[in-house]
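A.B. asks: Next comes work22.cif, mmCIF, C-alpha atoms:
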```cif
data_target
loop_
_atom_site.label_atom_id
_atom_site.label_comp_id
_atom_site.auth_asym_id
_atom_site.auth_seq_id
_atom_site.Cartn_x
_atom_site.Cartn_y
_atom_site.Cartn_z
CA MET L 1 -77.08 -29.34 55.49
CA GLU L 2 -78.48 -28.25 58.87
CA GLN L 3 -81.40 -25.87 58.79
CA PRO L 4 -81.95 -22.70 60.83
CA ASN L 5 -84.48 -22.78 63.62
CA LEU L 6 -85.94 -20.54 66.31
CA SER L 7 -85.07 -22.72 69.33
CA TYR L 8 -82.76 -20.15 70.89
CA ILE L 9 -85.22 -17.30 70.35
CA HIS L 10 -88.01 -19.37 71.92
CA SER L 11 -85.78 -20.38 74.85
CA MET L 12 -85.11 -16.81 75.83
CA SER L 13 -88.42 -15.16 74.97
CA GLY L 14 -90.31 -16.94 77.76
CA GLY L 15 -93.28 -17.14 75.39
CA ASP L 16 -93.25 -13.40 74.70
CA LYS L 17 -94.45 -13.46 71.07
CA ALA L 18 -94.04 -9.70 70.64
CA PHE L 19 -90.37 -9.97 71.58
CA GLU L 20 -89.87 -12.96 69.24
CA GLN L 21 -91.30 -10.99 66.34
CA LYS L 22 -89.27 -7.90 67.26
CA LEU L 23 -86.06 -9.90 67.31
CA ILE L 24 -86.87 -11.60 63.99
CA ASP L 25 -87.55 -8.19 62.45
CA ILE L 26 -84.22 -6.87 63.70
CA ILE L 27 -82.40 -9.91 62.30
CA LYS L 28 -84.24 -9.55 58.98
CA SER L 29 -83.15 -5.93 58.76
CA GLU L 30 -79.59 -6.33 60.08
CA PHE L 31 -78.57 -9.57 58.36
CA PRO L 32 -78.78 -8.34 54.70
CA GLU L 33 -76.68 -5.29 55.60
CA GLU L 34 -74.01 -7.38 57.30
CA LYS L 35 -74.05 -9.85 54.41
CA ALA L 36 -73.64 -7.05 51.85
CA THR L 37 -70.73 -5.58 53.79
CA TYR L 38 -69.15 -9.04 53.96
CA TYR L 39 -69.37 -9.52 50.16
CA LYS L 40 -68.09 -6.01 49.51
CA ASN L 41 -65.00 -6.49 51.67
CA TYR L 42 -64.40 -10.03 50.44
CA LYS L 43 -64.50 -8.93 46.81
CA ALA L 44 -62.14 -6.06 47.59
CA GLY L 45 -59.67 -8.54 49.11
CA GLU L 46 -59.91 -6.83 52.51
CA LEU L 47 -59.47 -10.04 54.47
CA LYS L 48 -59.11 -8.45 57.89
CA MET L 49 -62.30 -6.46 57.46
CA THR L 50 -63.99 -9.55 56.04
CA ALA L 51 -63.00 -11.40 59.21
CA GLU L 52 -64.71 -8.63 61.23
CA ASN L 53 -67.86 -9.13 59.16
CA VAL L 54 -67.75 -12.90 59.66
CA HIS L 55 -67.31 -12.30 63.38
CA LYS L 56 -70.50 -10.26 63.48
CA LEU L 57 -72.45 -12.72 61.33
CA LYS L 58 -71.36 -15.56 63.61
CA HIS L 59 -73.71 -14.33 66.32
CA LYS L 60 -76.73 -14.55 64.02
CA ILE L 61 -75.65 -18.00 62.87
CA SER L 62 -75.68 -19.15 66.50
CA ILE L 63 -78.99 -17.39 67.28
CA LEU L 64 -80.55 -19.33 64.42
CA GLY L 65 -79.39 -22.61 65.95
CA LEU L 66 -76.81 -23.47 63.28
CA GLU L 67 -74.24 -25.18 65.47
CA LYS L 68 -72.09 -26.84 62.79
CA SER L 69 -72.25 -23.73 60.64
CA TYR L 70 -71.07 -21.70 63.62
CA ASP L 71 -67.95 -23.88 63.83
CA ILE L 72 -67.34 -23.31 60.11
CA ALA L 73 -67.71 -19.54 60.62
CA VAL L 74 -65.23 -19.62 63.52
CA ALA L 75 -62.71 -21.53 61.36
CA PHE L 76 -63.30 -19.23 58.37
CA GLU L 77 -62.79 -16.11 60.51
CA HIS L 78 -59.52 -17.60 61.74
CA ASN L 79 -58.45 -18.42 58.15
CA LEU L 80 -59.15 -14.87 57.01
CA LEU L 81 -57.04 -13.44 59.82
CA GLU L 82 -54.25 -15.77 58.66
CA GLY L 83 -54.65 -14.47 55.10
CA SER L 84 -56.43 -17.55 53.74
CA THR L 85 -59.88 -17.73 52.13
CA ASP L 86 -60.35 -21.46 52.77
CA LEU L 87 -63.95 -22.31 53.72
CA ASN L 88 -65.28 -19.30 51.81
CA GLU L 89 -67.69 -21.44 49.77
CA ASN L 90 -68.99 -23.23 52.85
CA PHE L 91 -69.52 -19.91 54.61
CA GLU L 92 -71.36 -18.33 51.69
CA SER L 93 -73.55 -21.39 51.48
CA ILE L 94 -74.52 -20.76 55.14
CA LEU L 95 -75.37 -17.16 54.26
CA ASN L 96 -77.62 -18.38 51.45
CA THR L 97 -79.36 -20.83 53.75
CA ILE L 98 -80.06 -18.06 56.26
CA THR L 99 -81.24 -15.70 53.51
CA ASN L 100 -83.74 -18.29 52.28
CA TYR L 101 -84.90 -19.08 55.79
CA LEU L 102 -85.51 -15.42 56.68
CA THR L 103 -87.85 -15.07 53.69
CA THR L 104 -90.07 -17.74 55.27
CA LEU L 105 -90.48 -15.85 58.58
CA MET Z 1 -79.30 -1.30 89.20
CA ASN Z 2 -79.24 1.21 86.37
CA CYS Z 3 -77.73 -0.46 83.32
CA ILE Z 4 -76.58 0.53 79.87
CA ILE Z 5 -75.80 -1.72 76.91
CA ILE Z 6 -72.99 -1.07 74.45
CA ASP Z 7 -72.91 -3.28 71.37
CA ASP Z 8 -72.60 -2.42 67.69
CA GLU Z 9 -75.10 -5.17 66.81
CA ALA Z 10 -78.80 -4.30 67.20
CA THR Z 11 -79.75 -7.98 67.59
CA ALA Z 12 -77.38 -8.37 70.53
CA ARG Z 13 -78.72 -5.22 72.20
CA ALA Z 14 -82.32 -6.40 71.82
CA ILE Z 15 -81.44 -9.75 73.43
CA ILE Z 16 -79.79 -8.13 76.45
CA VAL Z 17 -82.74 -5.74 76.88
CA GLN Z 18 -85.07 -8.75 76.89
CA LEU Z 19 -82.92 -10.67 79.38
CA CYS Z 20 -82.81 -7.62 81.66
CA SER Z 21 -86.59 -7.24 81.50
CA ASN Z 22 -86.92 -10.62 83.25
CA ILE Z 23 -84.99 -9.33 86.28
CA LYS Z 24 -86.81 -6.77 88.42
CA SER Z 25 -83.68 -5.24 89.95
CA LEU Z 26 -82.35 -4.22 86.52
CA ASN Z 27 -83.32 -0.98 84.85
CA VAL Z 28 -81.97 -0.46 81.32
CA ILE Z 29 -81.68 3.30 80.93
CA ALA Z 30 -79.91 3.46 77.55
CA ASP Z 31 -78.23 1.43 74.85
CA PHE Z 32 -75.52 2.47 72.42
CA SER Z 33 -74.21 1.13 69.14
CA ASN Z 34 -70.75 2.49 69.87
CA ALA Z 35 -68.75 3.10 73.01
CA ILE Z 36 -67.76 6.70 72.26
CA GLN Z 37 -71.42 7.82 72.32
CA SER Z 38 -71.81 6.34 75.78
CA ILE Z 39 -68.93 8.31 77.35
CA LYS Z 40 -70.96 11.54 77.42
CA PHE Z 41 -73.93 9.67 78.86
CA LEU Z 42 -71.79 8.15 81.62
CA ASN Z 43 -70.55 11.60 82.61
CA GLN Z 44 -74.13 12.79 83.11
CA ASN Z 45 -75.91 9.76 84.55
CA GLU Z 46 -75.60 7.31 87.41
CA VAL Z 47 -74.86 3.93 85.88
CA ASP Z 48 -74.31 0.84 88.05
CA LEU Z 49 -73.72 -1.79 85.39
CA ILE Z 50 -72.60 -1.86 81.77
CA PHE Z 51 -73.14 -4.75 79.37
CA LEU Z 52 -70.23 -4.25 77.05
CA ASP Z 53 -69.33 -5.94 73.77
CA ILE Z 54 -65.58 -6.34 73.28
CA HIS Z 55 -65.39 -6.70 69.53
CA MET Z 56 -66.44 -3.38 68.04
CA PRO Z 57 -64.89 -1.54 65.11
CA ASP Z 58 -62.44 1.34 65.84
CA PHE Z 59 -62.97 1.41 69.59
CA THR Z 60 -63.04 -1.95 71.38
CA GLY Z 61 -64.60 -2.72 74.73
CA PHE Z 62 -61.16 -2.80 76.35
CA ASP Z 63 -60.27 0.59 74.79
CA PHE Z 64 -63.47 1.94 76.29
CA ILE Z 65 -62.77 0.61 79.80
CA GLN Z 66 -59.39 2.33 79.77
CA THR Z 67 -61.07 5.70 79.21
CA LEU Z 68 -63.17 5.41 82.38
CA LYS Z 69 -61.80 7.00 85.54
CA ASN Z 70 -64.28 5.33 87.91
CA PRO Z 71 -65.81 2.50 85.90
CA PRO Z 72 -69.04 0.95 87.14
CA LYS Z 73 -69.45 -2.83 87.17
CA ILE Z 74 -69.06 -4.29 83.72
CA ILE Z 75 -70.30 -7.57 82.26
CA LEU Z 76 -68.59 -8.36 78.99
CA THR Z 77 -70.68 -9.84 76.22
CA THR Z 78 -68.73 -11.37 73.39
CA SER Z 79 -68.44 -14.12 70.83
CA ASP Z 80 -64.74 -14.45 71.66
CA PRO Z 81 -63.99 -16.78 74.58
CA GLN Z 82 -60.28 -16.08 74.12
CA PHE Z 83 -60.50 -12.63 75.73
CA ALA Z 84 -61.46 -14.07 79.13
CA ILE Z 85 -57.91 -13.96 80.46
CA GLU Z 86 -57.49 -10.29 79.56
CA ALA Z 87 -60.83 -9.54 81.22
CA PHE Z 88 -59.50 -10.70 84.60
CA GLU Z 89 -56.99 -7.86 84.53
CA TYR Z 90 -59.80 -5.36 85.14
CA ASP Z 91 -61.32 -5.17 88.62
CA CYS Z 92 -64.52 -3.64 87.25
CA ILE Z 93 -65.30 -6.66 85.04
CA VAL Z 94 -67.54 -8.89 87.11
CA ASP Z 95 -68.40 -11.50 84.49
CA TYR Z 96 -67.86 -12.58 80.93
CA LEU Z 97 -70.79 -13.82 78.85
CA VAL Z 98 -70.25 -15.67 75.59
CA LYS Z 99 -72.90 -15.05 72.92
CA PRO Z 100 -75.51 -16.29 72.37
CA VAL Z 101 -76.34 -15.60 76.00
CA LEU Z 102 -78.73 -18.05 77.65
CA PRO Z 103 -81.11 -16.91 80.44
CA PRO Z 104 -79.68 -19.12 83.25
CA ARG Z 105 -76.14 -17.94 82.56
CA PHE Z 106 -77.32 -14.34 82.38
CA GLU Z 107 -79.06 -14.62 85.76
CA LYS Z 108 -75.89 -16.07 87.27
CA ALA Z 109 -73.92 -13.06 85.98
CA ILE Z 110 -76.41 -10.64 87.53
CA ILE Z 111 -76.20 -12.38 90.92
CA LYS Z 112 -72.43 -12.08 90.67
CA ALA Z 113 -72.70 -8.37 89.81
CA GLN Z 114 -75.01 -7.75 92.75
CA LYS Z 115 -72.61 -9.44 95.16
CA THR Z 116 -69.51 -7.69 93.87
CA GLU Z 117 -68.35 -4.52 95.59
CA LEU Z 118 -66.02 -2.31 93.62
CA ASN Z 119 -63.26 -0.36 95.31
CA PRO Z 120 -63.36 3.26 94.20
CA ALA Z 121 -60.40 3.94 91.98
CA GLU Z 122 -57.68 6.08 93.43
CA PRO Z 123 -57.26 9.31 91.53
CA LYS Z 124 -54.44 9.01 89.05
CA ILE Z 125 -51.72 11.54 89.70
CA VAL Z 126 -49.97 12.73 86.60
CA LYS Z 127 -46.46 13.67 87.52
CA GLU Z 128 -45.19 16.76 85.82
CA LYS Z 129 -41.82 16.36 84.21
CA PRO Z 130 -39.28 19.04 84.99
CA THR Z 131 -39.22 21.44 82.12
CA ASP Z 132 -36.75 24.19 82.61
CA THR Z 133 -35.57 26.16 85.59
CA THR Z 134 -35.88 29.38 83.62
CA GLY Z 135 -39.57 28.77 82.86
CA ASN Z 136 -41.55 26.67 80.42
CA VAL Z 137 -39.05 26.86 77.62
CA LEU Z 138 -36.98 24.42 75.67
CA TYR Z 139 -33.67 25.08 73.94
CA VAL Z 140 -32.93 23.30 70.69
CA ASN Z 141 -29.67 23.09 68.82
CA ILE Z 142 -29.97 24.28 65.23
CA ASP Z 143 -26.85 25.10 63.20
CA ARG Z 144 -24.76 25.32 66.38
CA ARG Z 145 -27.11 27.87 67.88
CA LEU Z 146 -29.30 27.22 70.89
CA ILE Z 147 -32.76 28.48 70.03
CA LYS Z 148 -35.39 29.07 72.66
CA ILE Z 149 -38.90 27.64 72.11
CA VAL Z 150 -41.78 28.38 74.47
CA ILE Z 151 -43.19 24.95 75.25
CA SER Z 152 -46.83 26.08 75.35
CA SER Z 153 -46.47 27.38 71.77
CA ILE Z 154 -45.63 23.89 70.46
CA TYR Z 155 -48.66 22.23 68.96
CA LEU Z 156 -47.08 19.30 67.11
CA VAL Z 157 -43.87 17.29 66.99
CA GLU Z 158 -43.37 14.96 64.06
CA ALA Z 159 -40.67 12.31 63.65
CA LYS Z 160 -38.84 12.56 60.34
CA GLY Z 161 -36.11 9.95 60.18
CA ASP Z 162 -33.15 11.15 62.23
CA TYR Z 163 -34.87 14.51 62.75
CA ILE Z 164 -37.96 15.87 64.41
CA LEU Z 165 -40.10 18.69 63.11
CA ILE Z 166 -41.32 20.95 65.93
CA LYS Z 167 -44.29 23.06 64.90
CA THR Z 168 -45.13 26.09 67.02
CA ASP Z 169 -47.77 28.79 66.72
CA ASP Z 170 -45.45 31.02 64.70
CA LYS Z 171 -42.54 28.96 63.40
CA ASN Z 172 -41.39 25.43 62.56
CA TYR Z 173 -38.02 23.96 63.60
CA THR Z 174 -36.25 20.89 62.23
CA VAL Z 175 -33.97 19.46 64.90
CA HIS Z 176 -31.61 16.47 64.92
CA SER Z 177 -33.28 14.47 67.70
CA THR Z 178 -35.86 11.80 68.42
CA LEU Z 179 -39.47 11.81 69.59
CA LYS Z 180 -38.41 9.92 72.71
CA LYS Z 181 -35.91 12.63 73.69
CA ILE Z 182 -38.32 15.51 73.24
CA ALA Z 183 -41.14 13.58 74.94
CA ASP Z 184 -38.97 13.45 78.07
CA LYS Z 185 -38.77 17.26 78.05
CA LEU Z 186 -42.46 17.98 77.49
CA PRO Z 187 -45.07 18.05 80.30
CA GLU Z 188 -47.23 14.91 80.25
CA SER Z 189 -50.33 16.84 81.22
CA ILE Z 190 -50.30 18.78 77.94
CA PHE Z 191 -48.50 16.61 75.42
CA LEU Z 192 -49.49 13.16 74.25
CA LYS Z 193 -47.98 10.72 71.79
CA VAL Z 194 -50.92 9.76 69.61
CA HIS Z 195 -48.99 7.85 66.97
CA ARG Z 196 -45.47 6.44 66.64
CA SER Z 197 -44.54 9.52 64.58
CA TYR Z 198 -46.51 12.25 66.34
CA ILE Z 199 -46.73 14.03 69.68
CA ILE Z 200 -49.50 16.59 69.97
CA ASN Z 201 -50.38 19.39 72.35
CA VAL Z 202 -53.79 18.23 73.60
CA GLN Z 203 -54.84 21.79 74.41
CA LYS Z 204 -54.54 22.75 70.74
CA ILE Z 205 -56.86 20.09 69.33
CA ILE Z 206 -59.58 21.61 67.17
CA ASP Z 207 -61.56 18.44 66.53
CA ILE Z 208 -61.38 14.68 66.53
CA GLU Z 209 -62.81 12.51 63.82
CA ASP Z 210 -62.63 8.71 63.71
CA ASN Z 211 -58.93 7.95 63.98
CA SER Z 212 -57.47 11.40 63.49
CA VAL Z 213 -57.22 14.77 65.20
CA LEU Z 214 -57.16 18.23 63.65
CA ILE Z 215 -54.55 20.57 65.10
CA LYS Z 216 -54.23 23.93 63.36
CA LYS Z 217 -54.34 22.80 59.75
CA ASP Z 218 -52.69 19.43 60.36
CA VAL Z 219 -54.69 16.21 60.35
CA ILE Z 220 -52.81 13.78 62.58
CA PRO Z 221 -53.47 10.03 62.71
CA VAL Z 222 -54.26 8.51 66.10
CA SER Z 223 -53.20 4.91 66.51
CA ARG Z 224 -55.66 2.49 68.07
CA SER Z 225 -53.50 1.83 71.13
CA ASN Z 226 -53.17 5.57 71.93
CA ARG Z 227 -56.82 6.45 71.40
CA PRO Z 228 -58.04 5.48 74.92
CA GLU Z 229 -55.52 7.81 76.58
CA LEU Z 230 -56.51 10.63 74.22
CA MET Z 231 -60.20 10.13 75.02
CA LYS Z 232 -59.38 10.17 78.73
CA ARG Z 233 -57.69 13.56 78.40
CA LEU Z 234 -60.68 15.22 76.75
CA ASN Z 235 -63.08 17.26 78.78
CA LEU Z 236 -66.17 15.72 77.22
CA LEU Z 237 -69.50 17.46 77.73
#
```
Would you give me this structure, written as structure tokens?
C.D. replies:
Amino acid sequence: MEQPNLSYIHSMSGGDKAFEQKLIDIIKSEFPEEKATYYKNYKAGELKMTAENVHKLKHKISILGLEKSYDIAVAFEHNLLEGSTDLNENFESILNTITNYLTTL
Amino acid sequence: MNCIIIDDEATARAIIVQLCSNIKSLNVIADFSNAIQSIKFLNQNEVDLIFLDIHMPDFTGFDFIQTLKNPPKIILTTSDPQFAIEAFEYDCIVDYLVKPVLPPRFEKAIIKAQKTELNPAEPKIVKEKPTDTTGNVLYVNIDRRLIKIVISSIYLVEAKGDYILIKTDDKNYTVHSTLKKIADKLPESIFLKVHRSYIINVQKIIDIEDNSVLIKKDVIPVSRSNRPELMKRLNLL
């Protein structure tokens, strides 16, 4: 499975280390909240709201350089809006990968 | 250019702030996690450019644009490429950035914004509908009697199957009619359809919370599509 990286953050920071750390801190604080909201809505069967949560999480997936995972998230969001939960396991696996990665930063 | 950023995601706001900091002509004066908060700010401050997320809960970027009488230049920031076509319907939208935004693409959008001149919007004229030659009254047929209702006393009209319930300051009337028919008799400047089953008197609103309004003791739902027009009618401080 592809691994998260900081390529995007480096590409836009212009070497500004303070900004890089600030952005990582924001992601570390925002991601667990968005993930928790996702699980809450998914467990409640609120597929439309779950799709909204996936939509928001998609941005962080792309910021962390997970290109293939981003495509999975796009497809999963679409499935949820169609009333299907296909790709749920793949998506949650991406969330776990990001969670583990953020603990290393 | 004075800019503001509207995005419900803190990460996205931080990225745009950083991208703006690399361009001397841009001055970020505020950022907001929801569009409604920014309306008051826009009424009090000179803003030349808005970075606006489309996909936000309750009140989308497009809902927000519709509430602005003289919108400044807007650059949309979104993860949804499929909204691009809709974006072209708004003259104020100068560019459309798909997240994650890369610096070269961002700079291109700023150059485009600097070159674009917006035409000031013509003031929208709300045409008053004729009410009644005898004054602002409406006659309704109840039990074969024509009963006079002073229009300004009506605070709510609710659809109830084949009937409508007209609520006034001192009495309620159930009339065999439709919302469409009564809407044609009520002045547009005061009354607004906020939901498929409700027309409200905007002047009688006590407060607005999320997707509902409080009028007298009635909490009335406001549908998403009608919310922009309602926000436009409010005299926000």
A.B. asks: For region 9-101 of chain L versus region 45-69 of chain Z, which residues have an atom no more than 12 Å away, and what is each residue's nearest atom pair and distance in Å rounded to one decimal, using only C-alpha atoms, chain-then-number order, as JSON lines?
C.D. replies:
```
{"residue": "L:Lys48", "atom": "CA", "partner": "Z:Pro57", "partner_atom": "CA", "distance": 11.5}
{"residue": "L:Met49", "atom": "CA", "partner": "Z:Pro57", "partner_atom": "CA", "distance": 9.5}
{"residue": "L:Ala51", "atom": "CA", "partner": "Z:His55", "partner_atom": "CA", "distance": 11.6}
{"residue": "L:Glu52", "atom": "CA", "partner": "Z:Pro57", "partner_atom": "CA", "distance": 8.1}
{"residue": "L:Asn53", "atom": "CA", "partner": "Z:Pro57", "partner_atom": "CA", "distance": 10.1}
{"residue": "L:Val54", "atom": "CA", "partner": "Z:His55", "partner_atom": "CA", "distance": 11.9}
{"residue": "L:His55", "atom": "CA", "partner": "Z:His55", "partner_atom": "CA", "distance": 8.5}
{"residue": "L:Lys56", "atom": "CA", "partner": "Z:His55", "partner_atom": "CA", "distance": 8.7}
{"residue": "L:His59", "atom": "CA", "partner": "Z:His55", "partner_atom": "CA", "distance": 11.7}
```
A.B. asks: Keeping only C-alpha atoms, take the residues you just selected and write them out as a PDB file, in the coordinates of the input.
C.D. replies:
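Generated output (part_3.pdb):
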```pdb
ATOM      1  CA  LYS L  48     -59.110  -8.450  57.890  1.00  0.00           C
ATOM      2  CA  MET L  49     -62.300  -6.460  57.460  1.00  0.00           C
ATOM      3  CA  ALA L  51     -63.000 -11.400  59.210  1.00  0.00           C
ATOM      4  CA  GLU L  52     -64.710  -8.630  61.230  1.00  0.00           C
ATOM      5  CA  ASN L  53     -67.860  -9.130  59.160  1.00  0.00           C
ATOM      6  CA  VAL L  54     -67.750 -12.900  59.660  1.00  0.00           C
ATOM      7  CA  HIS L  55     -67.310 -12.300  63.380  1.00  0.00           C
ATOM      8  CA  LYS L  56     -70.500 -10.260  63.480  1.00  0.00           C
ATOM      9  CA  HIS L  59     -73.710 -14.330  66.320  1.00  0.00           C
TER      10      HIS L  59
END
```
A.B. asks: Could you give me, as a Markdown table, a per-residue list for chain Z showing, wherever an atom lies at most 8 Å from an atom of chain L, the closest pair of atoms and their distance in Å to one decimal, using only C-alpha atoms and sorting by chain then residue number from low to high?
C.D. replies:
```
| residue | atom | partner | partner_atom | distance |
| --- | --- | --- | --- | --- |
| Z:Glu9 | CA | L:Lys56 | CA | 7.6 |
| Z:Ala10 | CA | L:Ile26 | CA | 6.9 |
| Z:Thr11 | CA | L:Ile26 | CA | 6.0 |
| Z:Ala14 | CA | L:Leu23 | CA | 6.8 |
| Z:Ile15 | CA | L:Leu23 | CA | 7.7 |
| Z:Gln18 | CA | L:Ser13 | CA | 7.5 |
| Z:Leu19 | CA | L:Met12 | CA | 7.4 |
| Z:Ser79 | CA | L:His59 | CA | 6.9 |
| Z:Lys99 | CA | L:His59 | CA | 6.7 |
| Z:Pro100 | CA | L:Ile63 | CA | 6.3 |
| Z:Leu102 | CA | L:Met12 | CA | 6.7 |
| Z:Pro103 | CA | L:Met12 | CA | 6.1 |
```
A.B. asks: Using CA of Ile206 (chain Z) and CA of Lys180 (chain Z) as the two end points, give the distance in Å to one decimal.
C.D. replies: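 Distance reported for this atom pair: 24.8 Å.
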A.B. asks: Could you list the residues chosen by the PyMOL selection byres ((chain Z and resi 26) around 9) in this structure as a PyMOL selection string?
C.D. replies: chain Z and resi 1-3+20-25+27-28+110
A.B. asks: Quick one: pull the distance between CA of Thr50 (chain L) and CA of Ile98 (chain L), Å, one decimal.
C.D. replies: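 Straight-line distance from CA of Thr50 (chain L) to CA of Ile98 (chain L) works out to 18.2 Å.
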A.B. asks: Between CA of Asp91 (chain Z) and CA of Ala109 (chain Z), what distance in Å does the model show, to one decimal?
C.D. replies: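 Pair CA of Asp91 (chain Z) / CA of Ala109 (chain Z) returns 15.1 Å.
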A.B. asks: Apply the PyMOL selection byres ((chain Z and resi 231) around 12) to the structure shown and report the selected residues as a PyMOL selection string.
C.D. replies: chain Z and resi 35-37+39-40+59+63-69+192+194+202+205+207-213+222+224-230+232-236
A.B. asks: Tell me which residues the PyMOL selection byres ((chain L and resi 86-91) around 9) grabs here, as a list in words.
C.D. replies: Val54, Ser69, Ile72, Ala73, Ala75, Phe76, Asn79, Leu80, Ser84, Thr85, Glu92, Ser93, Ile94, Leu95 and Asn96 of chain L
A.B. asks: Keeping only C-alpha atoms, write those residues as a PDB file, in the frame of the given file.
C.D. replies:
```pdb
ATOM      1  CA  VAL L  54     -67.750 -12.900  59.660  1.00  0.00           C
ATOM      2  CA  SER L  69     -72.250 -23.730  60.640  1.00  0.00           C
ATOM      3  CA  ILE L  72     -67.340 -23.310  60.110  1.00  0.00           C
ATOM      4  CA  ALA L  73     -67.710 -19.540  60.620  1.00  0.00           C
ATOM      5  CA  ALA L  75     -62.710 -21.530  61.360  1.00  0.00           C
ATOM      6  CA  PHE L  76     -63.300 -19.230  58.370  1.00  0.00           C
ATOM      7  CA  ASN L  79     -58.450 -18.420  58.150  1.00  0.00           C
ATOM      8  CA  LEU L  80     -59.150 -14.870  57.010  1.00  0.00           C
ATOM      9  CA  SER L  84     -56.430 -17.550  53.740  1.00  0.00           C
ATOM     10  CA  THR L  85     -59.880 -17.730  52.130  1.00  0.00           C
ATOM     11  CA  GLU L  92     -71.360 -18.330  51.690  1.00  0.00           C
ATOM     12  CA  SER L  93     -73.550 -21.390  51.480  1.00  0.00           C
ATOM     13  CA  ILE L  94     -74.520 -20.760  55.140  1.00  0.00           C
ATOM     14  CA  LEU L  95     -75.370 -17.160  54.260  1.00  0.00           C
ATOM     15  CA  ASN L  96     -77.620 -18.380  51.450  1.00  0.00           C
TER      16      ASN L  96
END
```
A.B. asks: Show which residues sit within 9 Å of Val17 (chain Z), as a PDB file with C-alpha atoms, keeping the file's coordinate frame. Count all atoms listed in the file, and ignore same-chain residues fewer than 5 positions away.
C.D. replies:
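This is the output file out-v7.pdb:
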```pdb
ATOM      1  CA  ILE Z   5     -75.800  -1.720  76.910  1.00  0.00           C
ATOM      2  CA  ALA Z  12     -77.380  -8.370  70.530  1.00  0.00           C
ATOM      3  CA  VAL Z  28     -81.970  -0.460  81.320  1.00  0.00           C
ATOM      4  CA  ASP Z  31     -78.230   1.430  74.850  1.00  0.00           C
TER       5      ASP Z  31
END
```
A.B. asks: Can you work out which one of Z:Ala159, Z:Ile4, Z:Ala113, Z:Val94 has the shortest atom-to-atom distance to Ser33 (chain Z), counting only C-alpha atoms?
C.D. replies: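 Once distances to Ser33 (chain Z) are computed over only C-alpha atoms, the minimum belongs to Z:Ile4.
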A.B. asks: Measuring between only C-alpha atoms, which one of Z:Asp80, Z:Ile29, Z:Phe106, Z:Ile164 shows the shortest distance to His78 (chain L)?
C.D. replies: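 Closest residue, counting only C-alpha atoms: Z:Asp80.
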A.B. asks: Using only C-alpha atoms, find the one residue out of Z:Tyr198, Z:Tyr96, Z:Tyr139, Z:Phe191 that sits nearest to Glu158 (chain Z).
C.D. replies: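 Between Z:Tyr198, Z:Tyr96, Z:Tyr139, Z:Phe191, the residue approaching Glu158 (chain Z) most closely is Z:Tyr198.
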A.B. asks: Please complete region 17-28 of chain L with N, CA and C atoms and give it back as an mmCIF file, keeping the file's coordinate frame.
C.D. replies:
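Written out: part-v9.cif:
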```cif
data_model
loop_
_atom_site.group_PDB
_atom_site.id
_atom_site.type_symbol
_atom_site.label_atom_id
_atom_site.label_comp_id
_atom_site.auth_asym_id
_atom_site.auth_seq_id
_atom_site.Cartn_x
_atom_site.Cartn_y
_atom_site.Cartn_z
ATOM 1 N N LYS L 17 -94.371 -13.427 72.539
ATOM 2 C CA LYS L 17 -94.450 -13.460 71.070
ATOM 3 C C LYS L 17 -94.052 -12.109 70.454
ATOM 4 N N ALA L 18 -94.384 -11.033 71.164
ATOM 5 C CA ALA L 18 -94.040 -9.700 70.640
ATOM 6 C C ALA L 18 -92.524 -9.550 70.554
ATOM 7 N N PHE L 19 -91.836 -10.043 71.602
ATOM 8 C CA PHE L 19 -90.370 -9.970 71.580
ATOM 9 C C PHE L 19 -89.811 -10.840 70.446
ATOM 10 N N GLU L 20 -90.357 -12.055 70.302
ATOM 11 C CA GLU L 20 -89.870 -12.960 69.240
ATOM 12 C C GLU L 20 -89.964 -12.269 67.878
ATOM 13 N N GLN L 21 -91.111 -11.641 67.627
ATOM 14 C CA GLN L 21 -91.300 -10.990 66.340
ATOM 15 C C GLN L 21 -90.351 -9.790 66.187
ATOM 16 N N LYS L 22 -90.162 -9.064 67.298
ATOM 17 C CA LYS L 22 -89.270 -7.900 67.260
ATOM 18 C C LYS L 22 -87.842 -8.339 66.906
ATOM 19 N N LEU L 23 -87.418 -9.418 67.550
ATOM 20 C CA LEU L 23 -86.060 -9.900 67.310
ATOM 21 C C LEU L 23 -85.903 -10.404 65.864
ATOM 22 N N ILE L 24 -86.918 -11.110 65.387
ATOM 23 C CA ILE L 24 -86.870 -11.600 63.990
ATOM 24 C C ILE L 24 -86.799 -10.409 63.031
ATOM 25 N N ASP L 25 -87.573 -9.375 63.317
ATOM 26 C CA ASP L 25 -87.550 -8.190 62.450
ATOM 27 C C ASP L 25 -86.171 -7.525 62.449
ATOM 28 N N ILE L 26 -85.562 -7.476 63.629
ATOM 29 C CA ILE L 26 -84.220 -6.870 63.700
ATOM 30 C C ILE L 26 -83.235 -7.715 62.887
ATOM 31 N N ILE L 27 -83.311 -9.027 63.049
ATOM 32 C CA ILE L 27 -82.400 -9.910 62.300
ATOM 33 C C ILE L 27 -82.644 -9.749 60.795
ATOM 34 N N LYS L 28 -83.916 -9.677 60.409
ATOM 35 C CA LYS L 28 -84.240 -9.550 58.980
ATOM 36 C C LYS L 28 -83.728 -8.230 58.406
#
```
